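Next up, model_33.pdb (PDB, C-alpha atoms and all ligand atoms):
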ATOM      1  CA  MET G  91       0.000   0.000   0.000
ATOM      2  CA  ALA G  92       1.416   3.333  -1.051
ATOM      3  CA  ASP G  93      -0.045   5.225   1.864
ATOM      4  CA  GLN G  94       0.881   2.797   4.601
ATOM      5  CA  LEU G  95       2.518   4.366   7.622
ATOM      6  CA  ILE G  96       6.114   3.377   8.140
ATOM      7  CA  LEU G  97       5.998   3.988  11.877
ATOM      8  CA  GLU G  98       3.070   4.302  14.208
ATOM      9  CA  ALA G  99       2.538   4.555  17.955
ATOM     10  CA  ARG G 100      -0.901   3.617  19.217
ATOM     11  CA  GLY G 101      -1.961   4.494  22.739
ATOM     12  CA  LEU G 102       1.528   4.117  24.155
ATOM     13  CA  ILE G 103       1.704   4.008  27.922
ATOM     14  CA  LYS G 104       5.013   3.670  29.737
ATOM     15  CA  GLU G 105       5.403   3.353  33.463
ATOM     16  CA  TYR G 106       8.642   2.998  35.365
ATOM     17  CA  GLY G 107       8.607   1.273  38.751
ATOM     18  CA  GLU G 108       5.964  -0.940  40.276
ATOM     19  CA  GLY G 109       2.740  -0.627  42.253
ATOM     20  CA  GLY G 110       2.354   2.535  44.308
ATOM     21  CA  MET G 111       5.814   3.681  43.246
ATOM     22  CA  ALA G 112       4.989   3.515  39.533
ATOM     23  CA  GLN G 113       5.657   6.682  37.549
ATOM     24  CA  ARG G 114       3.633   7.054  34.369
ATOM     25  CA  VAL G 115       5.894   8.797  31.882
ATOM     26  CA  LEU G 116       3.850   8.306  28.708
ATOM     27  CA  ASP G 117       0.092   8.331  28.994
ATOM     28  CA  GLY G 118      -1.493   7.516  25.671
ATOM     29  CA  VAL G 119       0.872   8.663  22.922
ATOM     30  CA  ASP G 120      -0.318   8.364  19.325
ATOM     31  CA  LEU G 121       1.993   9.139  16.431
ATOM     32  CA  ALA G 122       1.630   8.395  12.733
ATOM     33  CA  VAL G 123       4.688   8.755  10.505
ATOM     34  CA  SER G 124       4.459   8.461   6.724
ATOM     35  CA  PRO G 125       7.416   7.136   4.745
ATOM     36  CA  GLY G 126      10.004   9.796   3.940
ATOM     37  CA  ARG G 127       8.765  12.347   6.480
ATOM     38  CA  PHE G 128      11.030  14.317   8.768
ATOM     39  CA  VAL G 129       9.326  14.541  12.164
ATOM     40  CA  ALA G 130      10.574  16.596  15.100
ATOM     41  CA  ILE G 131       9.536  15.945  18.686
ATOM     42  CA  MET G 132       9.872  18.731  21.232
ATOM     43  CA  GLY G 133       8.955  18.877  24.899
ATOM     44  CA  PRO G 134      10.319  19.870  28.307
ATOM     45  CA  SER G 135      13.109  17.917  29.972
ATOM     46  CA  GLY G 136      11.673  14.805  31.580
ATOM     47  CA  SER G 137       8.543  14.812  29.409
ATOM     48  CA  GLY G 138       9.388  11.371  28.008
ATOM     49  CA  LYS G 139      10.973  12.152  24.644
ATOM     50  CA  SER G 140      13.851   9.688  24.999
ATOM     51  CA  THR G 141      11.483   7.112  26.461
ATOM     52  CA  LEU G 142       9.239   7.479  23.425
ATOM     53  CA  LEU G 143      12.144   7.208  21.000
ATOM     54  CA  HIS G 144      13.350   4.030  22.721
ATOM     55  CA  LEU G 145       9.881   2.520  22.406
ATOM     56  CA  LEU G 146       9.665   3.515  18.723
ATOM     57  CA  GLY G 147      13.012   1.807  18.134
ATOM     58  CA  GLY G 148      11.978  -1.374  19.922
ATOM     59  CA  LEU G 149      14.735  -0.894  22.526
ATOM     60  CA  ASP G 150      12.170  -1.053  25.309
ATOM     61  CA  THR G 151       8.613  -2.349  25.569
ATOM     62  CA  PRO G 152       5.586  -0.232  26.478
ATOM     63  CA  THR G 153       3.432  -0.915  29.538
ATOM     64  CA  ALA G 154       0.421  -0.749  27.193
ATOM     65  CA  GLY G 155      -0.236   0.212  23.590
ATOM     66  CA  ASP G 156       1.927  -0.771  20.672
ATOM     67  CA  VAL G 157       4.405   0.411  18.048
ATOM     68  CA  HIS G 158       3.835  -0.633  14.450
ATOM     69  CA  VAL G 159       6.608  -0.699  11.859
ATOM     70  CA  ASP G 160       5.268  -1.028   8.309
ATOM     71  CA  GLY G 161       1.928  -1.976   9.853
ATOM     72  CA  VAL G 162       3.398  -4.817  11.921
ATOM     73  CA  PRO G 163       2.967  -4.542  15.710
ATOM     74  CA  LEU G 164       6.320  -4.983  17.473
ATOM     75  CA  SER G 165       4.533  -7.013  20.161
ATOM     76  CA  ASP G 166       3.792  -9.666  17.507
ATOM     77  CA  LEU G 167       7.500 -10.208  16.923
ATOM     78  CA  SER G 168       9.768 -12.577  18.797
ATOM     79  CA  ASP G 169      12.849 -11.131  20.477
ATOM     80  CA  ARG G 170      14.935 -12.361  17.569
ATOM     81  CA  GLU G 171      12.617 -10.847  14.960
ATOM     82  CA  ARG G 172      12.645  -7.562  16.834
ATOM     83  CA  THR G 173      16.442  -7.592  16.959
ATOM     84  CA  LEU G 174      16.619  -8.223  13.208
ATOM     85  CA  LEU G 175      14.123  -5.468  12.485
ATOM     86  CA  ARG G 176      16.160  -3.053  14.592
ATOM     87  CA  ARG G 177      19.353  -4.097  12.868
ATOM     88  CA  ASP G 178      18.054  -3.846   9.317
ATOM     89  CA  ARG G 179      15.436  -1.118   9.363
ATOM     90  CA  ILE G 180      16.125   1.292  12.199
ATOM     91  CA  GLY G 181      19.165   3.484  12.905
ATOM     92  CA  ILE G 182      19.338   5.071  16.327
ATOM     93  CA  VAL G 183      21.390   8.116  17.276
ATOM     94  CA  TYR G 184      21.491   8.248  21.074
ATOM     95  CA  GLN G 185      21.267  11.369  23.200
ATOM     96  CA  PHE G 186      24.789  10.877  24.565
ATOM     97  CA  PHE G 187      26.564   9.425  21.484
ATOM     98  CA  ASN G 188      27.139   5.987  23.093
ATOM     99  CA  LEU G 189      30.422   5.475  21.286
ATOM    100  CA  VAL G 190      32.619   2.667  22.587
ATOM    101  CA  PRO G 191      35.623   4.470  24.123
ATOM    102  CA  VAL G 192      38.265   1.860  23.201
ATOM    103  CA  LEU G 193      37.246   1.677  19.519
ATOM    104  CA  THR G 194      38.287   4.132  16.806
ATOM    105  CA  ALA G 195      35.761   6.235  14.893
ATOM    106  CA  ALA G 196      35.856   3.747  11.994
ATOM    107  CA  GLU G 197      35.441   0.774  14.328
ATOM    108  CA  ASN G 198      32.516   2.432  16.097
ATOM    109  CA  ILE G 199      30.823   3.059  12.755
ATOM    110  CA  ALA G 200      31.433  -0.555  11.697
ATOM    111  CA  LEU G 201      30.218  -1.968  15.014
ATOM    112  CA  PRO G 202      26.655  -2.945  13.975
ATOM    113  CA  ALA G 203      28.087  -4.987  11.086
ATOM    114  CA  VAL G 204      30.690  -6.620  13.335
ATOM    115  CA  ILE G 205      27.996  -7.562  15.843
ATOM    116  CA  SER G 206      25.927  -9.057  13.021
ATOM    117  CA  GLY G 207      28.847 -11.303  12.106
ATOM    118  CA  ILE G 208      29.397  -9.752   8.680
ATOM    119  CA  ALA G 209      32.906 -10.195   7.231
ATOM    120  CA  PRO G 210      35.162  -7.098   7.194
ATOM    121  CA  LYS G 211      35.670  -7.333   3.432
ATOM    122  CA  THR G 212      31.905  -7.140   2.987
ATOM    123  CA  TYR G 213      31.264  -4.148   5.231
ATOM    124  CA  GLY G 214      34.599  -2.368   4.612
ATOM    125  CA  PRO G 215      33.557  -0.429   1.500
ATOM    126  CA  ARG G 216      30.310   0.681   3.143
ATOM    127  CA  VAL G 217      32.222   1.888   6.225
ATOM    128  CA  ASP G 218      34.504   3.931   3.937
ATOM    129  CA  GLU G 219      31.440   5.365   2.203
ATOM    130  CA  VAL G 220      29.810   6.354   5.496
ATOM    131  CA  ILE G 221      33.025   7.889   6.862
ATOM    132  CA  ASP G 222      33.189   9.977   3.716
ATOM    133  CA  LEU G 223      29.517  10.914   4.042
ATOM    134  CA  VAL G 224      29.868  12.141   7.628
ATOM    135  CA  GLY G 225      33.181  13.868   6.874
ATOM    136  CA  LEU G 226      35.455  11.898   9.188
ATOM    137  CA  ASP G 227      38.121  10.904   6.661
ATOM    138  CA  GLY G 228      40.914  12.450   8.679
ATOM    139  CA  GLU G 229      39.606  11.112  11.970
ATOM    140  CA  ARG G 230      38.861   7.491  11.228
ATOM    141  CA  ASP G 231      41.606   6.094  13.475
ATOM    142  CA  LYS G 232      40.969   8.368  16.446
ATOM    143  CA  LEU G 233      39.348   7.206  19.673
ATOM    144  CA  PRO G 234      36.186   9.017  20.804
ATOM    145  CA  ASN G 235      38.074  11.054  23.445
ATOM    146  CA  GLN G 236      40.342  12.339  20.651
ATOM    147  CA  LEU G 237      37.334  13.610  18.681
ATOM    148  CA  SER G 238      35.480  16.887  19.110
ATOM    149  CA  GLY G 239      31.844  16.761  20.226
ATOM    150  CA  GLY G 240      30.629  17.366  16.683
ATOM    151  CA  GLN G 241      32.919  14.658  15.315
ATOM    152  CA  GLN G 242      31.661  12.219  17.954
ATOM    153  CA  GLN G 243      28.096  13.020  16.995
ATOM    154  CA  ARG G 244      28.915  12.524  13.312
ATOM    155  CA  ALA G 245      30.454   9.143  14.145
ATOM    156  CA  ALA G 246      27.264   8.247  16.043
ATOM    157  CA  ILE G 247      25.196   9.258  13.006
ATOM    158  CA  GLY G 248      27.506   7.287  10.729
ATOM    159  CA  ARG G 249      26.942   4.202  12.868
ATOM    160  CA  ALA G 250      23.169   4.690  12.602
ATOM    161  CA  LEU G 251      23.388   5.110   8.809
ATOM    162  CA  LEU G 252      25.618   2.084   8.211
ATOM    163  CA  SER G 253      22.881  -0.392   7.326
ATOM    164  CA  GLU G 254      20.979   2.205   5.248
ATOM    165  CA  PRO G 255      17.983   1.955   7.582
ATOM    166  CA  SER G 256      14.641   3.230   6.336
ATOM    167  CA  ILE G 257      13.939   4.803   9.737
ATOM    168  CA  ILE G 258      16.389   7.019  11.643
ATOM    169  CA  LEU G 259      15.612   7.924  15.245
ATOM    170  CA  ALA G 260      17.811  10.723  16.561
ATOM    171  CA  ASP G 261      17.711  11.915  20.172
ATOM    172  CA  GLU G 262      18.854  15.538  20.406
ATOM    173  CA  PRO G 263      21.573  15.005  17.813
ATOM    174  CA  THR G 264      22.583  18.670  17.977
ATOM    175  CA  GLY G 265      21.936  19.146  21.706
ATOM    176  CA  ASN G 266      25.552  19.219  22.858
ATOM    177  CA  LEU G 267      26.970  21.104  19.894
ATOM    178  CA  ASP G 268      27.609  24.725  19.044
ATOM    179  CA  LEU G 269      25.359  26.271  16.429
ATOM    180  CA  ARG G 270      27.591  25.763  13.410
ATOM    181  CA  THR G 271      28.561  22.204  14.271
ATOM    182  CA  GLY G 272      24.926  21.459  15.067
ATOM    183  CA  PHE G 273      23.867  22.544  11.605
ATOM    184  CA  GLY G 274      26.546  20.310  10.076
ATOM    185  CA  VAL G 275      25.045  17.351  11.918
ATOM    186  CA  LEU G 276      21.508  18.397  11.015
ATOM    187  CA  ALA G 277      22.541  18.557   7.356
ATOM    188  CA  LEU G 278      23.379  14.841   7.486
ATOM    189  CA  LEU G 279      19.849  14.045   8.630
ATOM    190  CA  VAL G 280      18.285  16.387   6.078
ATOM    191  CA  ALA G 281      20.349  14.667   3.361
ATOM    192  CA  ALA G 282      19.255  11.258   4.647
ATOM    193  CA  GLN G 283      15.660  12.340   4.148
ATOM    194  CA  GLN G 284      15.966  14.338   0.944
ATOM    195  CA  ASP G 285      18.593  12.355  -0.960
ATOM    196  CA  LEU G 286      17.973   8.842   0.310
ATOM    197  CA  GLY G 287      14.267   9.036   1.177
ATOM    198  CA  GLN G 288      14.861   7.893   4.743
ATOM    199  CA  THR G 289      12.284   8.650   7.413
ATOM    200  CA  VAL G 290      13.633  10.711  10.303
ATOM    201  CA  VAL G 291      12.205  11.167  13.796
ATOM    202  CA  MET G 292      14.321  13.657  15.736
ATOM    203  CA  VAL G 293      14.038  14.956  19.284
ATOM    204  CA  THR G 294      15.226  18.532  19.694
ATOM    205  CA  HIS G 295      14.903  21.516  22.033
ATOM    206  CA  ASP G 296      15.843  23.998  19.357
ATOM    207  CA  PRO G 297      13.086  25.667  17.279
ATOM    208  CA  LEU G 298      15.530  26.513  14.502
ATOM    209  CA  ILE G 299      16.580  22.870  14.234
ATOM    210  CA  ALA G 300      12.960  21.676  14.451
ATOM    211  CA  ALA G 301      12.112  24.049  11.608
ATOM    212  CA  HIS G 302      13.903  21.697   9.205
ATOM    213  CA  ALA G 303      11.310  19.023   9.877
ATOM    214  CA  ASP G 304       8.061  18.630   7.966
ATOM    215  CA  GLU G 305       6.093  18.468  11.185
ATOM    216  CA  VAL G 306       6.695  19.180  14.859
ATOM    217  CA  HIS G 307       4.941  17.468  17.773
ATOM    218  CA  LEU G 308       4.979  18.809  21.304
ATOM    219  CA  LEU G 309       5.089  16.252  24.113
ATOM    220  CA  ARG G 310       3.753  17.455  27.430
ATOM    221  CA  ASP G 311       2.464  15.639  30.504
ATOM    222  CA  GLY G 312       2.860  12.261  28.845
ATOM    223  CA  ALA G 313       0.966  12.947  25.624
ATOM    224  CA  PHE G 314       1.179  15.081  22.511
ATOM    225  CA  ALA G 315      -0.273  18.473  23.326
ATOM    226  CA  ALA G 316      -0.045  20.019  19.854
ATOM    227  CA  ASP G 317       1.225  19.413  16.336
ATOM    228  CA  LEU G 318       2.553  21.827  13.761
ATOM    229  CA  THR G 319       2.939  21.197  10.056
ATOM    230  CA  VAL G 320       5.891  23.480   9.434
ATOM    231  CA  SER G 321       5.382  23.985   5.716
ATOM    232  CA  GLU G 322       1.759  25.067   6.187
ATOM    233  CA  GLN G 323       2.730  27.563   8.848
ATOM    234  CA  VAL G 324       5.122  29.672   6.822
ATOM    235  CA  SER G 325       4.611  31.823   3.764
ATOM    236  CA  SER G 326       6.090  30.617   0.492
ATOM    237  CA  GLU G 327       8.692  33.376   0.738
ATOM    238  CA  ALA G 328       9.742  32.150   4.171
ATOM    239  CA  ALA G 329       9.718  28.551   3.010
ATOM    240  CA  ALA G 330      12.271  29.462   0.356
ATOM    241  CA  ASP G 331      14.530  31.102   2.948
ATOM    242  CA  PRO G 332      17.662  28.958   2.858
ATOM    243  CA  THR G 333      18.657  29.861   6.413
ATOM    244  CA  HIS G 334      15.333  28.564   7.689
ATOM    245  CA  GLU G 335      15.246  31.488  10.071
ATOM    246  CA  SER G 336      11.651  32.380   9.198
ATOM    247  CA  ARG G 337      10.626  28.778   9.656
ATOM    248  CA  GLY G 338      12.442  28.713  12.995
ATOM    249  CA  ARG G 339      10.581  31.832  14.032
ATOM    250  CA  ALA G 340       7.272  30.205  13.036
ATOM    251  CA  VAL G 341       8.085  27.227  15.267
ATOM    252  CA  LEU G 342       9.086  29.542  18.128
ATOM    253  CA  GLU G 343       5.878  31.555  17.801
ATOM    254  CA  TRP G 344       3.889  28.336  17.824
ATOM    255  CA  LEU G 345       5.626  27.264  21.041
ATOM    256  CA  GLN G 346       5.089  30.683  22.594
ATOM    257  CA  GLU G 347       1.390  30.542  21.788
ATOM    258  CA  LEU G 348       1.261  27.217  23.545
ATOM    259  CA  GLY G 349       3.189  28.664  26.480
ATOM    260  CA  ALA G 350       5.914  26.108  26.052
ATOM    261  CA  ALA G 351       8.963  27.991  24.876
ATOM    262  CA  GLY G 352      12.064  26.997  26.772
ATOM    263  CA  PRO G 353      15.418  28.669  26.339
ATOM    264  CA  ALA G 354      15.625  29.298  22.605
ATOM    265  CA  ARG G 355      19.358  29.363  22.133
ATOM    266  CA  SER G 356      19.469  29.926  18.437
ATOM    267  CA  ALA G 357      16.122  31.363  17.471
ATOM    268  CA  VAL G 358      16.811  34.858  18.755
ATOM    269  CA  HIS G 359      19.440  36.733  16.834
TER     270      HIS G 359
HETATM  271  N1  LIG S 401      14.929   3.554  33.217
HETATM  272  C1  LIG S 401      14.194   4.421  33.934
HETATM  273  N2  LIG S 401      13.753   4.091  35.157
HETATM  274  C2  LIG S 401      12.991   4.958  35.879
HETATM  275  N3  LIG S 401      12.613   6.172  35.458
HETATM  276  C3  LIG S 401      13.030   6.552  34.230
HETATM  277  C4  LIG S 401      13.833   5.701  33.403
HETATM  278  N4  LIG S 401      14.096   6.343  32.228
HETATM  279  C5  LIG S 401      13.469   7.539  32.338
HETATM  280  N5  LIG S 401      12.829   7.666  33.527
HETATM  281  C6  LIG S 401      12.020   8.821  33.955
HETATM  282  O1  LIG S 401      11.066   9.091  32.948
HETATM  283  C7  LIG S 401      10.907  10.501  32.759
HETATM  284  C8  LIG S 401      11.143  10.824  31.281
HETATM  285  O2  LIG S 401      12.515  10.588  30.952
HETATM  286  P1  LIG S 401      13.070  10.822  29.496
HETATM  287  O3  LIG S 401      14.507  10.477  29.519
HETATM  288  O4  LIG S 401      12.208  10.104  28.523
HETATM  289  O5  LIG S 401      12.849  12.389  29.339
HETATM  290  P2  LIG S 401      13.262  13.378  28.148
HETATM  291  O6  LIG S 401      12.017  14.063  27.694
HETATM  292  O7  LIG S 401      14.063  12.662  27.145
HETATM  293  O8  LIG S 401      14.155  14.447  28.928
HETATM  294  P3  LIG S 401      15.473  15.241  28.439
HETATM  295  O9  LIG S 401      14.970  16.382  27.591
HETATM  296  O10 LIG S 401      16.051  15.746  29.742
HETATM  297  O11 LIG S 401      16.374  14.303  27.726
HETATM  298  C9  LIG S 401      11.871  11.165  33.734
HETATM  299  O12 LIG S 401      11.132  11.583  34.867
HETATM  300  C10 LIG S 401      12.849  10.077  34.092
HETATM  301  O13 LIG S 401      13.323  10.243  35.398
HETATM  302 MG    MG S 402      16.072  12.739  26.549
END

Since I need it in another form, could you write the structure as structure tokens?
Ligand SMILES: Nc1ncnc2c1ncn2[C@@H]1O[C@H](COP(=O)(O)OP(=O)(O)OP(=O)(O)O)[C@@H](O)[C@H]1O
Ligand SMILES: [Mg+2]
Amino acid sequence: MADQLILEARGLIKEYGEGGMAQRVLDGVDLAVSPGRFVAIMGPSGSGKSTLLHLLGGLDTPTAGDVHVDGVPLSDLSDRERTLLRRDRIGIVYQFFNLVPVLTAAENIALPAVISGIAPKTYGPRVDEVIDLVGLDGERDKLPNQLSGGQQQRAAIGRALLSEPSIILADEPTGNLDLRTGFGVLALLVAAQQDLGQTVVMVTHDPLIAAHADEVHLLRDGAFAADLTVSEQVSSEAAADPTHESRGRAVLEWLQELGAAGPARSAVH
């Protein structure tokens, strides 16, 4: 089916802890993502954004509700099937890079293939391609602590792109970076969507970064409080603005109307 959703959350509930101590972090989250969309998720710290992303990626299981990938509920899959789906279809960029400190940039990028038992001569050319794509040619043999923050984040994105996944989940990929470096990292995700047709779901605090998405969803008190279709919100003149500043301003104004604007590092110039 041409219009089938690639990723869908239905009535997701997530509680941590048991009994009287249980904390309900997600309380009925619905999300429908069409193939090739770039979706941004915003929300205050602690609102459950990372929790949601982990559930969407099948890294954790919901207390109730389900995640569907290509129409298939993850709860219908065995552990092994879920692992394979994650390996082949979903690339995850974690909030804190999660690079292995004793491995070089190239080895970190190759790691998913190594874990899958693929031979180095098979994955080698793809690793070279990805290193080129994320611009780490000169850094491939450096350990994570010898890389800058932006380079570490690009290595983490390279690792997520290795298997050419159709879905990329990125948790604040620009959160720890300065503005310029952050835009370099964002450009990789935009290229993944626009050049390779990959579907991107990205958590961000930054309206100017979110403005590069097709749609923005605001998570608050365990559920989506509002949605914004970015392209519908801005004039055609603003949409053509290559700096995306007008789009960023539209996202900021939307947040302000909702009374949700946090510190907007880059939206105020
Ligand atoms: N493994 C866990 N066990 C218990 N509580 C958890 C666990 N993971 C997250 N939480 C709690 O769930 C809530 C949501 O956490 P989450 O990491 O999803 O927030 P977030 O929106 O990503 O925040 P941030 O913007 O700070 O990254 C927090 O109150 C957190 O303490
Ligand atoms: Mg988080």

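When the PyMOL selection byres (((not hetatm)) within 6 of (chain S and resi 401)) is run on the displayed coordinates, the residues it returns are Tyr106, Val115, Pro134, Ser135, Gly136, Ser137, Gly138, Lys139, Ser140 and Thr141 of chain G.
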
**Message:** Under the rule that only C-alpha atoms are counted, which of G:Pro234, G:Pro125, G:Gly240, G:Gly312 is the nearest residue to Asn266 (chain G)?
**Reply:**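 Looking at the shortest contact to Asn266 (chain G), the residue is G:Gly240.
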
**Request:** List the residues matched by the PyMOL selection byres (((chain G and resi 190-197) around 6) and not hetatm) in the displayed structure as number ranges by chain, ordered by chain and then by residue number.
**Result:** G: 189, 198-201, 230-234

**Message:** If we draw a sphere of 7 Å around (4.8, 6.4, 31.2), which residues have at least one atom in it when counting all atoms listed in the file? Please report them as a list of chain:residue names.
**Reply:**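 Residues satisfying the cut-off, written out: G:Ile103, G:Lys104, G:Glu105, G:Tyr106, G:Gln113, G:Arg114, G:Val115, G:Leu116, G:Asp117, G:Gly312.
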
Selection dump of the PyMOL selection byres (((not hetatm)) within 12 of (chain S and resi 402)), as an mmCIF file with C-alpha atoms, in the frame of the given file:
data_model
loop_
_atom_site.group_PDB
_atom_site.id
_atom_site.type_symbol
_atom_site.label_atom_id
_atom_site.label_comp_id
_atom_site.auth_asym_id
_atom_site.auth_seq_id
_atom_site.Cartn_x
_atom_site.Cartn_y
_atom_site.Cartn_z
ATOM 1 C CA ILE G 131 9.536 15.945 18.686
ATOM 2 C CA MET G 132 9.872 18.731 21.232
ATOM 3 C CA GLY G 133 8.955 18.877 24.899
ATOM 4 C CA PRO G 134 10.319 19.870 28.307
ATOM 5 C CA SER G 135 13.109 17.917 29.972
ATOM 6 C CA GLY G 136 11.673 14.805 31.580
ATOM 7 C CA SER G 137 8.543 14.812 29.409
ATOM 8 C CA GLY G 138 9.388 11.371 28.008
ATOM 9 C CA LYS G 139 10.973 12.152 24.644
ATOM 10 C CA SER G 140 13.851 9.688 24.999
ATOM 11 C CA THR G 141 11.483 7.112 26.461
ATOM 12 C CA LEU G 142 9.239 7.479 23.425
ATOM 13 C CA LEU G 143 12.144 7.208 21.000
ATOM 14 C CA HIS G 144 13.350 4.030 22.721
ATOM 15 C CA VAL G 183 21.390 8.116 17.276
ATOM 16 C CA TYR G 184 21.491 8.248 21.074
ATOM 17 C CA GLN G 185 21.267 11.369 23.200
ATOM 18 C CA PHE G 186 24.789 10.877 24.565
ATOM 19 C CA ALA G 260 17.811 10.723 16.561
ATOM 20 C CA ASP G 261 17.711 11.915 20.172
ATOM 21 C CA GLU G 262 18.854 15.538 20.406
ATOM 22 C CA PRO G 263 21.573 15.005 17.813
ATOM 23 C CA GLY G 265 21.936 19.146 21.706
ATOM 24 C CA MET G 292 14.321 13.657 15.736
ATOM 25 C CA VAL G 293 14.038 14.956 19.284
ATOM 26 C CA THR G 294 15.226 18.532 19.694
ATOM 27 C CA HIS G 295 14.903 21.516 22.033
ATOM 28 C CA LEU G 309 5.089 16.252 24.113
#

**Message:** Using only C-alpha atoms, can you tell me which of G:Leu167, G:Ala303, G:Val119, G:Ala250 comes closest to Gly155 (chain G)?
**Reply:**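 Looking only at the distances to Gly155 (chain G), the closest residue turns out to be G:Val119.
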
**Request:** To one decimal in Å, tell me the separation between CA of Thr173 (chain G) and CA of Leu149 (chain G).
**Result:**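 Between these atoms lies a distance of 8.9 Å.
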
**Item:** Å distance separating CA of Gln243 (chain G) from CA of Thr264 (chain G), one decimal place
**Value:** 8.0 Å

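Within 9 Å of the point (35.3, 7.2, 8.7), and counting only C-alpha atoms, the protein, DNA and RNA residues are Ala195, Ala196, Glu197, Ile199, Val217, Asp218, Glu219, Val220, Ile221, Asp222, Leu223, Val224, Gly225, Leu226, Asp227, Gly228, Glu229, Arg230, Asp231, Ala245 and Gly248 of chain G.
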
**Message:** One number please: CA of Asp296 (chain G) to CA of Ile96 (chain G), in Å, one decimal.
**Reply:**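 Straight-line distance from CA of Asp296 (chain G) to CA of Ile96 (chain G) works out to 25.4 Å.
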
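Here the question is which of G:Gly207, G:Gly118, G:Gly147, G:Gly126 gets nearest to Leu286 (chain G) using only C-alpha atoms, and that residue is G:Gly126.
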
**Message:** When you count all atoms listed in the file, which of these residues is closest to Ala99 (chain G): G:Val341, G:Val129, G:Ile258, G:Val159?
**Reply:**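 Under the stated criterion, the closest residue is G:Val159.
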
**Residue nearest Gly338 (chain G) - candidates G:Arg310, G:Arg270, G:His302, G:Arg176, atoms counted: all atoms listed in the file** =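 The answer is G:His302, which sits nearest to Gly338 (chain G).
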
**Message:** List as an NGL selection string the protein and nucleic acid residues near Arg100 (chain G), meaning an atom at most 10 Å away when all atoms listed in the file are counted, but skip any in the same chain fewer than 4 places from it.
**Reply:** :G and (118-122 or 154-158 or 163)

Write a file for region 238-287 of chain G, containing C-alpha atoms (output as a PDB file, in the first residue's frame).
ATOM      1  CA  SER G 238      35.480  16.887  19.110  1.00  0.00           C
ATOM      2  CA  GLY G 239      31.844  16.761  20.226  1.00  0.00           C
ATOM      3  CA  GLY G 240      30.629  17.366  16.683  1.00  0.00           C
ATOM      4  CA  GLN G 241      32.919  14.658  15.315  1.00  0.00           C
ATOM      5  CA  GLN G 242      31.661  12.219  17.954  1.00  0.00           C
ATOM      6  CA  GLN G 243      28.096  13.020  16.995  1.00  0.00           C
ATOM      7  CA  ARG G 244      28.915  12.524  13.312  1.00  0.00           C
ATOM      8  CA  ALA G 245      30.454   9.143  14.145  1.00  0.00           C
ATOM      9  CA  ALA G 246      27.264   8.247  16.043  1.00  0.00           C
ATOM     10  CA  ILE G 247      25.196   9.258  13.006  1.00  0.00           C
ATOM     11  CA  GLY G 248      27.506   7.287  10.729  1.00  0.00           C
ATOM     12  CA  ARG G 249      26.942   4.202  12.868  1.00  0.00           C
ATOM     13  CA  ALA G 250      23.169   4.690  12.602  1.00  0.00           C
ATOM     14  CA  LEU G 251      23.388   5.110   8.809  1.00  0.00           C
ATOM     15  CA  LEU G 252      25.618   2.084   8.211  1.00  0.00           C
ATOM     16  CA  SER G 253      22.881  -0.392   7.326  1.00  0.00           C
ATOM     17  CA  GLU G 254      20.979   2.205   5.248  1.00  0.00           C
ATOM     18  CA  PRO G 255      17.983   1.955   7.582  1.00  0.00           C
ATOM     19  CA  SER G 256      14.641   3.230   6.336  1.00  0.00           C
ATOM     20  CA  ILE G 257      13.939   4.803   9.737  1.00  0.00           C
ATOM     21  CA  ILE G 258      16.389   7.019  11.643  1.00  0.00           C
ATOM     22  CA  LEU G 259      15.612   7.924  15.245  1.00  0.00           C
ATOM     23  CA  ALA G 260      17.811  10.723  16.561  1.00  0.00           C
ATOM     24  CA  ASP G 261      17.711  11.915  20.172  1.00  0.00           C
ATOM     25  CA  GLU G 262      18.854  15.538  20.406  1.00  0.00           C
ATOM     26  CA  PRO G 263      21.573  15.005  17.813  1.00  0.00           C
ATOM     27  CA  THR G 264      22.583  18.670  17.977  1.00  0.00           C
ATOM     28  CA  GLY G 265      21.936  19.146  21.706  1.00  0.00           C
ATOM     29  CA  ASN G 266      25.552  19.219  22.858  1.00  0.00           C
ATOM     30  CA  LEU G 267      26.970  21.104  19.894  1.00  0.00           C
ATOM     31  CA  ASP G 268      27.609  24.725  19.044  1.00  0.00           C
ATOM     32  CA  LEU G 269      25.359  26.271  16.429  1.00  0.00           C
ATOM     33  CA  ARG G 270      27.591  25.763  13.410  1.00  0.00           C
ATOM     34  CA  THR G 271      28.561  22.204  14.271  1.00  0.00           C
ATOM     35  CA  GLY G 272      24.926  21.459  15.067  1.00  0.00           C
ATOM     36  CA  PHE G 273      23.867  22.544  11.605  1.00  0.00           C
ATOM     37  CA  GLY G 274      26.546  20.310  10.076  1.00  0.00           C
ATOM     38  CA  VAL G 275      25.045  17.351  11.918  1.00  0.00           C
ATOM     39  CA  LEU G 276      21.508  18.397  11.015  1.00  0.00           C
ATOM     40  CA  ALA G 277      22.541  18.557   7.356  1.00  0.00           C
ATOM     41  CA  LEU G 278      23.379  14.841   7.486  1.00  0.00           C
ATOM     42  CA  LEU G 279      19.849  14.045   8.630  1.00  0.00           C
ATOM     43  CA  VAL G 280      18.285  16.387   6.078  1.00  0.00           C
ATOM     44  CA  ALA G 281      20.349  14.667   3.361  1.00  0.00           C
ATOM     45  CA  ALA G 282      19.255  11.258   4.647  1.00  0.00           C
ATOM     46  CA  GLN G 283      15.660  12.340   4.148  1.00  0.00           C
ATOM     47  CA  GLN G 284      15.966  14.338   0.944  1.00  0.00           C
ATOM     48  CA  ASP G 285      18.593  12.355  -0.960  1.00  0.00           C
ATOM     49  CA  LEU G 286      17.973   8.842   0.310  1.00  0.00           C
ATOM     50  CA  GLY G 287      14.267   9.036   1.177  1.00  0.00           C
TER      51      GLY G 287
END
